[in-house]
Each structure stands twice: as C-alpha cells, then as structure tokens.
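Quick look at final.pdb (PDB, C-alpha atoms, pLDDT in the B column):
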ATOM      1  CA  MET W  30     -59.343   3.526 -33.556  1.00 69.00           C
ATOM      2  CA  GLU W  31     -62.729   2.842 -35.139  1.00 80.00           C
ATOM      3  CA  GLU W  32     -64.238   5.685 -37.118  1.00 85.00           C
ATOM      4  CA  GLU W  33     -67.835   6.506 -36.208  1.00 87.00           C
ATOM      5  CA  LEU W  34     -70.264   6.734 -39.075  1.00 84.00           C
ATOM      6  CA  PRO W  35     -72.647   9.667 -39.182  1.00 85.00           C
ATOM      7  CA  PRO W  36     -76.199   8.802 -38.200  1.00 83.00           C
ATOM      8  CA  PRO W  37     -78.396   7.856 -41.137  1.00 80.00           C
ATOM      9  CA  PRO W  38     -80.792  10.528 -42.367  1.00 87.00           C
ATOM     10  CA  ASN W  39     -84.182  10.422 -40.698  1.00 94.00           C
ATOM     11  CA  LEU W  40     -87.220   9.190 -42.602  1.00 96.00           C
ATOM     12  CA  GLU W  41     -88.361  12.689 -43.543  1.00 95.00           C
ATOM     13  CA  GLU W  42     -84.951  13.521 -45.052  1.00 94.00           C
ATOM     14  CA  GLN W  43     -84.909  10.260 -47.005  1.00 96.00           C
ATOM     15  CA  ILE W  44     -88.371  10.944 -48.413  1.00 96.00           C
ATOM     16  CA  LEU W  45     -87.339  14.500 -49.333  1.00 96.00           C
ATOM     17  CA  ALA W  46     -84.306  13.123 -51.194  1.00 96.00           C
ATOM     18  CA  ALA W  47     -86.544  10.651 -53.031  1.00 97.00           C
ATOM     19  CA  LEU W  48     -88.996  13.465 -53.864  1.00 97.00           C
ATOM     20  CA  GLU W  49     -86.215  15.625 -55.293  1.00 95.00           C
ATOM     21  CA  ARG W  50     -84.954  12.701 -57.374  1.00 97.00           C
ATOM     22  CA  ALA W  51     -88.449  11.905 -58.642  1.00 97.00           C
ATOM     23  CA  LEU W  52     -88.881  15.528 -59.699  1.00 95.00           C
ATOM     24  CA  GLU W  53     -85.484  15.551 -61.446  1.00 95.00           C
ATOM     25  CA  GLU W  54     -86.450  12.403 -63.349  1.00 97.00           C
ATOM     26  CA  GLY W  55     -89.886  13.720 -64.295  1.00 95.00           C
ATOM     27  CA  GLN W  56     -91.708  11.144 -62.187  1.00 96.00           C
ATOM     28  CA  THR W  57     -94.482  13.518 -61.149  1.00 94.00           C
ATOM     29  CA  GLU W  58     -96.940  10.888 -59.920  1.00 96.00           C
ATOM     30  CA  ALA W  59     -94.328   9.354 -57.623  1.00 97.00           C
ATOM     31  CA  ALA W  60     -93.312  12.839 -56.473  1.00 96.00           C
ATOM     32  CA  GLU W  61     -96.919  13.608 -55.563  1.00 96.00           C
ATOM     33  CA  HIS W  62     -97.138  10.474 -53.414  1.00 97.00           C
ATOM     34  CA  LEU W  63     -93.848  11.313 -51.715  1.00 98.00           C
ATOM     35  CA  LEU W  64     -95.052  14.844 -50.983  1.00 96.00           C
ATOM     36  CA  ARG W  65     -98.208  13.408 -49.423  1.00 96.00           C
ATOM     37  CA  ALA W  66     -96.082  11.091 -47.289  1.00 97.00           C
ATOM     38  CA  LEU W  67     -94.137  14.095 -46.004  1.00 96.00           C
ATOM     39  CA  GLU W  68     -97.377  15.929 -45.277  1.00 95.00           C
ATOM     40  CA  ALA W  69     -98.525  12.924 -43.224  1.00 96.00           C
ATOM     41  CA  LEU W  70     -95.254  12.800 -41.271  1.00 94.00           C
ATOM     42  CA  CYS W  71     -94.587  16.508 -40.771  1.00 92.00           C
ATOM     43  CA  SER W  72     -96.945  18.982 -39.211  1.00 87.00           C
ATOM     44  CA  ASP W  73     -94.501  21.881 -39.484  1.00 88.00           C
ATOM     45  CA  ALA W  74     -94.229  23.683 -42.818  1.00 88.00           C
ATOM     46  CA  SER W  75     -92.357  26.698 -41.469  1.00 91.00           C
ATOM     47  CA  ALA W  76     -89.289  28.016 -43.277  1.00 90.00           C
ATOM     48  CA  GLY W  77     -86.370  25.613 -43.035  1.00 89.00           C
ATOM     49  CA  SER W  78     -88.518  22.573 -42.251  1.00 92.00           C
ATOM     50  CA  VAL W  79     -88.330  19.408 -44.339  1.00 93.00           C
ATOM     51  CA  LEU W  80     -91.914  19.971 -45.492  1.00 94.00           C
ATOM     52  CA  ALA W  81     -91.188  23.562 -46.552  1.00 94.00           C
ATOM     53  CA  ASP W  82     -88.135  22.313 -48.465  1.00 93.00           C
ATOM     54  CA  ALA W  83     -90.370  19.763 -50.203  1.00 94.00           C
ATOM     55  CA  TYR W  84     -92.861  22.448 -51.227  1.00 93.00           C
ATOM     56  CA  PHE W  85     -90.034  24.609 -52.596  1.00 92.00           C
ATOM     57  CA  ALA W  86     -88.640  21.637 -54.544  1.00 92.00           C
ATOM     58  CA  ALA W  87     -92.069  20.899 -56.023  1.00 90.00           C
ATOM     59  CA  VAL W  88     -92.658  24.519 -57.005  1.00 89.00           C
ATOM     60  CA  GLY W  89     -89.142  24.816 -58.434  1.00 84.00           C
ATOM     61  CA  ALA W  90     -89.705  21.737 -60.576  1.00 73.00           C
ATOM     62  CA  HIS W  91     -92.658  23.480 -62.217  1.00 68.00           C
ATOM     63  CA  ALA W  92     -90.979  26.873 -62.619  1.00 63.00           C
ATOM     64  CA  PRO W  93     -90.985  28.331 -66.140  1.00 62.00           C
ATOM     65  CA  GLY W  94     -87.806  27.676 -68.067  1.00 60.00           C
ATOM     66  CA  ARG W  95     -86.743  24.691 -66.000  1.00 50.00           C
ATOM     67  CA  SER W  96     -85.472  21.823 -68.107  1.00 49.00           C
ATOM     68  CA  ARG W  97     -87.206  18.508 -67.381  1.00 44.00           C
ATOM     69  CA  HIS W  98     -85.594  15.427 -68.966  1.00 43.00           C
TER      70      HIS W  98
END

Take the structure in this file and express it as structure tokens.
Amino acid sequence: MEEELPPPPNLEEQILAALERALEEGQTEAAEHLLRALEALCSDASAGSVLADAYFAAVGAHAPGRSRH
C-alpha cells in the first residue's frame, strides 16, 4: 500500500514560513519584501489569515526584549 503524502503548503504558507525565517535571522530587508508579497497575494487580513499571521510575526520580531541574533 502506497502512503499518500500530504499536499504541499500553498504559496502563501511558504512565503509566511520564509518571512518568519528571515525575521529569526535578522534579515529585515528580505522580510519586508516577503511581507509585501503576502500583501499582494492576500486581500484578507482578518484574524487567523496568513496575512494576519505575517503581521503578528513582524510585530513580534520588533517587540521589546526579543533577542535578535
């Protein structure tokens, strides 16, 4: 019996993952471009949306006391 692989993440989810990684690595210019890409792809910024998650990640990366290496 062949095991089915889960579907790959959609483009928005892949960009969000790249944005989160860029923020973790301190690559703020790349993160800004990735956020703009999400804004171009997503019109919905309501709670729980990929775009809302991106905004929360960006704000969290700039929160006081957060370590940025």

Exercise. For each of W:Ala87, W:Ser75, W:Asp82, W:Glu33, take the minimum atom-to-atom distance to W:Gln56, counting all atoms listed in the file, then give the residue where this is smallest.
Key: W:Ala87

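Excluding W:Leu45 and any residue on its chain fewer than 2 positions from it, the residues at most 8 Å away by all atoms listed in the file are W:Glu41, W:Glu42, W:Gln43, W:Ala47, W:Leu48, W:Glu49, W:Leu63, W:Leu64, W:Leu67, W:Val79, W:Asp82, W:Ala83.
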
Store the residues picked out above in a file with C-alpha atoms, as a PDB file, in the frame of the given file.
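Okay, again16.pdb is ready:
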ATOM      1  CA  GLU W  41     -88.361  12.689 -43.543  1.00 95.00           C
ATOM      2  CA  GLU W  42     -84.951  13.521 -45.052  1.00 94.00           C
ATOM      3  CA  GLN W  43     -84.909  10.260 -47.005  1.00 96.00           C
ATOM      4  CA  ALA W  47     -86.544  10.651 -53.031  1.00 97.00           C
ATOM      5  CA  LEU W  48     -88.996  13.465 -53.864  1.00 97.00           C
ATOM      6  CA  GLU W  49     -86.215  15.625 -55.293  1.00 95.00           C
ATOM      7  CA  LEU W  63     -93.848  11.313 -51.715  1.00 98.00           C
ATOM      8  CA  LEU W  64     -95.052  14.844 -50.983  1.00 96.00           C
ATOM      9  CA  LEU W  67     -94.137  14.095 -46.004  1.00 96.00           C
ATOM     10  CA  VAL W  79     -88.330  19.408 -44.339  1.00 93.00           C
ATOM     11  CA  ASP W  82     -88.135  22.313 -48.465  1.00 93.00           C
ATOM     12  CA  ALA W  83     -90.370  19.763 -50.203  1.00 94.00           C
TER      13      ALA W  83
END

Quiz item: Which distance in Å separates atom CA of W:Leu52 and atom CA of W:Phe85, to one decimal?
Solution: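 Rounded to one decimal, the two atoms are 11.6 Å apart.
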
Practice problem: Calculate how many Å separate atom CA of W:Arg50 from atom CA of W:Ser78, rounding to one decimal. | Solution: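 Computing the Euclidean distance for atom CA of W:Arg50 and atom CA of W:Ser78 yields 18.4 Å.
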
Practice problem: Could you check how far atom CA of W:Pro35 sits from atom CA of W:Ala60, in Å to one decimal? | Solution: 27.1 Å
